[in-house]
Each structure stands twice: as C-alpha cells, then as structure tokens.
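Structure first, then comments.
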Amino acid sequence: MESSIFFIVVGAVAVAAVARWKGWPAPLLVTVVALLASFLPFVPDVAIDGHVLLNIVLPPLLYSAALDVSFLSFTRAMPQIRRLGVGLVVVTAGVVGLLAWWIMPELTLPGALLLGAIVAPPDAVSAAAIGRRLGLPRRVMTVLSGESLINDATSLTMYRVFAAIVAGATVTLAGGVGQFFVAVLVGVAVGLVFGAVLHGLRMRVADPVVNGTFGLLAPFGAYAIAEQLLGSGVLAVVAMGLFVGFNAPKTSYATRQQEAPLWLSADFLLESFVFAYIGLQLPRVIADLKDGEVGGVVLLSAVVLLAVLVVRPLFVYPAHAWGQWWTRMRLRRWKRITAAHPDAVHPGPAAHPGRPGRHPLSEEQLRRRLAEMRLSWRDNAVISWAGMRGVVTLATALAAADLAGIDGAAAHAIVVVAFVVTVGTLLLQGLTLPWLIRTLRVVDDREQQEDARQLAAVRERSREAGKAYLRGMRREWALEHREDRLPAFDAYAKRLVRVQSDAEQAGAEKSGPAQDGVDQQLRPTAEQFTALAKGWLAVRRQLLLEERRAGNLSEEVMHELIAAMDAEELALDTRMALRT
C-alpha cells in the first residue's frame, strides 16, 4: 500500500505541476485525470481510513490557510463568516437530512442527518485558487477563506453528535448544543496556547530550520490534543494559525522567508494527493453497490447534489440582507440613544446609558462595519457558487461507513452520495466558476486605489521615521567615533533613505560607500554599516506594525512591504557572508 500511495502522490504532483504551468485550476485537473485513471487495470485501489485521512491531511492544510488569512479582515468579516460557516452548514445538513430520510427511510433520521453533516461543509481550496488567479476582491476572498476555516468545525461537531445517536447513545438538543460550545471553547483555548508557545519559540530561537520543523509538527499536536479534550481540532489549528500569522512580522526575517516556501510546497503536495485520492475512489464506490441498491442510491445522490447546489444561494442572499438590516437597526438605535443622551457621545465604545456594562460600537464603527459588510449581488453570486466539497466530506463518509449502527446498505449509500457530491461540485462549480467571475466582472478598483493610497502614505511615514532614526544614530556615532568619520556616515545614510526596493538596494551597494570620496581610513567598518542598515529596517518594520494597529494599513499591504524589507535584510546578510 505504501508504494501505491507513493506513486499516486508522484502522479498527482506531476499533473498539478502541468496545471500550474498552463495556468489551469490544479484541483480540477487532478480530479479529472484521477477519475479517468481509476478505470485503468494497473491503477491500484487504495483505501485509507477516513479518520487517518482527516488526522494527516486536515491539520497542515488548515494551519497553512490560517497563516495566510488577515486576522483583522477575518474579524471584520466575522458576521458573514459565522453565518456561512455555522448557519449555512446547519441549514444544509437539515435540508439534506430530511430529503435523504424521505427518499431512503432505511437510513433512519439520525443516519440521514449524519449524511447531511457529511456533505454540508464546502472546501474552499479550489475556489481560493481560482479566485486568486482571477483577482477576486479581497472582501470576497476573506469570506470564502474564513468560511472554510470554521465550517469544518461545525460539520465535524454535528458528525460526532449524530454518530453517537446512530450508535445508540441518547443525545438531547441541549446536549448537542452544549457539545458544540464545548468544542468551540476547548478548541480555541488549545489553539491559542499552542500559538503562544510556538510564537514564543520563534521569537527566542534564531534558527529558521528549527522554527520551521516545530511549525510543521504543531498543527498535528494542536489537533490531536483538542480532539482528546472533546474540543474541535479544526478550531484549535485555525486559532493557532491566526495567532502565529498575526504575530509573524515580529519574528526574524529568516523564519518568515523559510516558512513561506515550506508551506507552499506542503500545500501543493497534500492538495494534489487529496484530489487524486477523491478521483480514484470511483471503482470502489461502484463495486460497493449491489444491484438492488443502484436505483435508490443514484436518485438519492442526484437529489442531494441538487440540494447542496440550491440551498447555498437561497441562504447567502437573505442572510446577507439580514446582516445589513441588523447593522442599520443598530446604527439607528445608536442615533436615538445619542439624541436622548448627548453626554453619551464619545469617540469609541462606551457603556450603554440604559444598560450598564454593555459596550455598543460607536456610530463611526457601525458605519465602517456596514460598509465593510456590504457585498454586491455579484459578490454574493460568486460566494453562492463557490461551494465545492473536498477532503472533509469524503473522509467523514469513509469513517461513517465503519460506524456501529450503520448497516451495509446505508454505509454504501453514504459513501456514494459523498463521492457524487464531492466530484459533482468540483466539476460543475469548479469548471464554471472562472466563467462566472469573468462574466460578472467581480473586481474592485477602489480596493486597488485604497492599497495604492495606503502604500504612498506609509512609505512617506516610513521615510520620516527612518530619517529620525538616522539623526539619532548620527549623534551616537559622533560620540562613539571621531567627528571626522561623520562624512562617511552621512554618505551611507543618504543611500539608505534613497533605497526603497531590493533592486535599488543592490544597485546602491554596488556603488557603495567606497566611492563617495571619503578617506578609506576614516570609514566605519562593514559590520557597522550593516548594523546601521538593520536598525533602519527595524524602525520601518515597527512603523508598519503601529500603522496596522492604528487601522491605517491593511494586513495584506503590510505583508507586501514586510516581504520587501525581508529581501533587503537578506541581501545585507548575504553580502556580509561573502566578505567573511
């Protein structure tokens, strides 16, 4: 089996590499090629336990996705993310469960609801890949990415509850809701603990190889421990990833530079394998069906696939309208409160005049949230159609087939329906989503203009902060060294002010201080110049963190600037290494 998995991984990676080279969506091509390859006689039938598949594949993929999500954008879009990641999953599971019970009563209602929980959560891997390639607005990408980070937790918690009921346990509605909240609280707590420990390690250990290794191991540890404590392993990994990603700019540049390609490669490998494995399950799915089951299972599969395609848009539009209405109501209520209690007007949150201890948002914050939550009908159309299923649906279906209380016919039906829904949504929605995005022209020129404005403003503030740092260092330099060494310092300081990109930095260093007409004997050492340049970079990085904290700079723009500064620091260290 080990050799079969190896060849599957190699083949999947090769197909995905061709897709990247051609600019095609890799998950879709890998799935289609695997489907076709599954009919070849020499292709092995590889069966992996669903729990093993979840424990191996899900933690690193979730952690990598959480690292890339802007924490600030995630929190701002939380109302939309919560509606999709919790509300839509519950509604989809309920609708699918009732339909499945009506079409195939032998599933029993708990078994049908278990099937609903299995097929409910979308996997945004392929949607995110398509969206990034076609330049979807950041607000849409944030909602899709955020939904994919928490909907698995909702689905797996429901799966656990209905699996217990199927096995004969007595679970009340209150008990099920209680399990959900325990899973959320324990999962988030475990994730934050792991995130704090990992961040502390990254701040104290300078070796990027050690940091990268612990970063690879941590998601598995957080997931396993949270699950053992009856928490959500998914939320533990997500919370850890958001915490580490938010604090990543505080760590060494070497850790960040090693981490990015490491996780890109891990994602590429795992995603290629997952979608290939999904496609290769076709012969097993067909073989599990008995003659008398084919008609009913095919009908059930078609109805469930149609249901998951239809329920999503029917939920997205009303839920978004409700969110906008609720925020407007809060804004109007705020205006009435401030009109009746003028002393309550304040620049930030304050206690409610009539309800001590309550801290409503200010009018400005409510208006900003209303603007941030506003999605056009085009945006919602893309979100409605980006409901492709993936590894969680298939893995939980394979795990459910081995549950106590599930007979053979029901187990076959669950696996077939999960396979049809996964592959059907990947092909139907995945192949048409690029066309939909291009047709609707879902772009936002204002976002690009705002990014450009933020870049220009922060670069100007960065130059001023850097100049202030250099003035302070000049005074220290004059006290520590002789006055006649100041011309060399001034010449190098001017170059630092002028350099704003890695290419400019390289060009400036080629002309170097040695060509500024200053006597070589009066020149500070290369180590002193490097220390000065690193201090300059540290001041600029700190300014970016302060601008992010003040809300003047988006995390996406900040990460672009941080990456450019990391390249500058790498160039400095490389030149110093070549001198030794």
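How things are named: the first chain in the structure tokens is A, the next is B, and so on; residues count from 1 in each chain; ligands count from 1 in the order shown.
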* To do: Just the residues within 8 Å of Val421 of chain A, please, counting only C-alpha atoms, with nothing from its chain fewer than 6 positions along; format it as a list in words.
  => Val119, Ser301, Val304, Leu305 and Arg389 of chain A
Those residues you just picked out, can you put them in a file as a compact mmCIF listing (two decimals), in the first residue's frame with C-alpha atoms?
# COMPACT_ATOMS: atom_id res chain seq x y z
CA VAL A 119 -21.91 16.78 2.74
CA SER A 301 -27.18 11.15 -4.92
CA VAL A 304 -28.55 15.63 -2.54
CA LEU A 305 -26.23 17.13 -5.17
CA ARG A 389 -16.77 19.91 -1.47
Using only C-alpha atoms, I'd like a table of the residues in segment 178-283 of chain A that come within 12 Å of segment 77-99 of chain A; for each, show the closest atom pair and its distance in Å rounded to one decimal, ordered by chain and ascending number, as JSON lines.
{"residue": "A:Phe180", "atom": "CA", "partner": "A:Val86", "partner_atom": "CA", "distance": 10.6}
{"residue": "A:Phe181", "atom": "CA", "partner": "A:Val86", "partner_atom": "CA", "distance": 12.0}
{"residue": "A:Val184", "atom": "CA", "partner": "A:Val86", "partner_atom": "CA", "distance": 11.5}
{"residue": "A:Leu235", "atom": "CA", "partner": "A:Gly85", "partner_atom": "CA", "distance": 11.8}
Please, could you write that set of residues out with N, CA, C and O atoms as a PDB file, in the first residue's frame?
ATOM      1  N   PHE A 180     -21.349  21.436  21.107  1.00  0.00           N
ATOM      2  CA  PHE A 180     -20.809  22.391  20.134  1.00  0.00           C
ATOM      3  C   PHE A 180     -20.040  23.511  20.835  1.00  0.00           C
ATOM      4  O   PHE A 180     -18.918  23.850  20.441  1.00  0.00           O
ATOM      5  N   PHE A 181     -20.629  24.083  21.882  1.00  0.00           N
ATOM      6  CA  PHE A 181     -19.959  25.184  22.566  1.00  0.00           C
ATOM      7  C   PHE A 181     -18.705  24.710  23.299  1.00  0.00           C
ATOM      8  O   PHE A 181     -17.703  25.425  23.349  1.00  0.00           O
ATOM      9  N   VAL A 184     -16.056  24.427  20.697  1.00  0.00           N
ATOM     10  CA  VAL A 184     -15.527  25.737  20.304  1.00  0.00           C
ATOM     11  C   VAL A 184     -14.576  26.281  21.363  1.00  0.00           C
ATOM     12  O   VAL A 184     -13.444  26.690  21.057  1.00  0.00           O
ATOM     13  N   LEU A 235     -10.810  24.034  14.994  1.00  0.00           N
ATOM     14  CA  LEU A 235     -10.697  25.381  15.554  1.00  0.00           C
ATOM     15  C   LEU A 235      -9.379  25.577  16.286  1.00  0.00           C
ATOM     16  O   LEU A 235      -8.854  26.696  16.323  1.00  0.00           O
TER      17      LEU A 235
END
* So how far away is atom CA of Met240 of chain A from atom CA of Val186 of chain A, in Å? ->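 The value is 12.6 Å.
For the set A:Phe246, A:Arg474, A:Ala117, A:Ser3, the residue with the smallest atom-to-atom gap to Arg549 of chain A is A:Phe246, counting only C-alpha atoms.
Atom CA of Ala65 of chain A is found 8.9 Å from atom CA of Asp267 of chain A.
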* Determine, counting only C-alpha atoms, which protein, DNA and RNA residues have an atom within 10 Å of an atom of Ser73 of chain A; residues of the same chain fewer than 3 positions away are not included. Present the result as a PyMOL selection string. => chain A and resi 69-70+76-78+138-139+142-143+146+372+554-556
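Nearest residue to Val244 of chain A, choosing from A:Leu67, A:Val297, A:Ile150, A:Leu58 and counting only C-alpha atoms: A:Leu67.
Atom pair atom CA of Ala254 of chain A / atom CA of Pro208 of chain A has a distance of 6.0 Å (rounded to one decimal).
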* Please return as a VMD selection string: the residues of segment 32-234 of chain A that backbone DSSP assigns to alpha helix (DSSP H). => chain A and resid 32 to 37 50 to 68 71 to 76 78 to 82 89 to 103 109 to 119 125 to 134 138 to 166 173 to 204 208 to 228 233 to 234
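Near Glu227 of chain A, within a cut-off of 10 Å and counting only C-alpha atoms, sit the residues Ala183, Val186, Gly187, Val190, Gly221, Ala222, Tyr223, Gly231, Ser232, Gly233, Val234 and Ala236 of chain A, with same-chain residues fewer than 4 positions away left out.
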Give me a file of those residues, with C-alpha atoms, as a tab-separated table (two decimals), in the first residue's frame.
chain	number	residue	atom	x	y	z
A	183	ALA	CA	-15.86	22.05	21.20
A	186	VAL	CA	-11.78	23.99	24.17
A	187	GLY	CA	-10.58	24.12	20.56
A	190	VAL	CA	-5.90	24.81	22.92
A	221	GLY	CA	-0.29	18.33	18.13
A	222	ALA	CA	-2.96	21.02	18.50
A	223	TYR	CA	-5.49	18.98	16.51
A	231	GLY	CA	-12.75	20.12	21.64
A	232	SER	CA	-12.64	21.00	17.97
A	233	GLY	CA	-9.28	20.11	16.45
A	234	VAL	CA	-10.19	22.25	13.45
A	236	ALA	CA	-7.54	24.64	17.53
* Structure fact -> From the list A:Lys290, A:Val557, A:Trp385, A:Leu532, the nearest residue to Gln448 of chain A using only C-alpha atoms is A:Val557
Find the residues around segment 537-541 of chain A up to 8 Å (only C-alpha atoms counted), leave out those fewer than 2 positions away in its own chain, and share them as an mmCIF file with C-alpha atoms, in the first residue's frame.
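New file result-v4.cif:
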data_model
loop_
_atom_site.group_PDB
_atom_site.id
_atom_site.type_symbol
_atom_site.label_atom_id
_atom_site.label_comp_id
_atom_site.auth_asym_id
_atom_site.auth_seq_id
_atom_site.Cartn_x
_atom_site.Cartn_y
_atom_site.Cartn_z
ATOM 1 C CA PRO A 249 6.033 40.220 11.383
ATOM 2 C CA SER A 462 8.459 55.226 6.879
ATOM 3 C CA ARG A 463 10.982 57.602 5.313
ATOM 4 C CA ALA A 465 10.741 57.552 10.801
ATOM 5 C CA GLY A 466 13.916 56.297 9.164
ATOM 6 C CA TYR A 469 16.382 57.105 13.459
ATOM 7 C CA ALA A 533 21.071 49.317 7.868
ATOM 8 C CA LYS A 534 19.423 46.650 10.038
ATOM 9 C CA GLY A 535 18.440 49.257 12.582
ATOM 10 C CA LEU A 543 6.220 51.638 11.997
ATOM 11 C CA LEU A 544 4.264 49.170 9.836
ATOM 12 C CA LEU A 545 3.086 47.313 12.946
ATOM 13 C CA ILE A 562 7.455 43.369 5.090
ATOM 14 C CA MET A 565 12.190 44.588 3.739
ATOM 15 C CA GLU A 569 17.878 42.236 5.053
#
* Counting only C-alpha atoms, the option among A:Asp379, A:Glu547, A:Glu480, A:Asp152 closest to Val458 of chain A ->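 Between A:Asp379, A:Glu547, A:Glu480, A:Asp152, the residue approaching Val458 of chain A most closely is A:Glu547.
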* To do: Have a look at A:Asn55, A:Ser265, A:Thr396, A:Ser38 and name the one nearest to Met158 of chain A; count only C-alpha atoms.
  =>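 Closest to Met158 of chain A of all the choices is A:Thr396.
With only C-alpha atoms as the atoms that count, the residue of A:Lys467, A:Arg20, A:Arg579, A:Arg284 with the shortest distance to Ile48 of chain A is A:Arg284.
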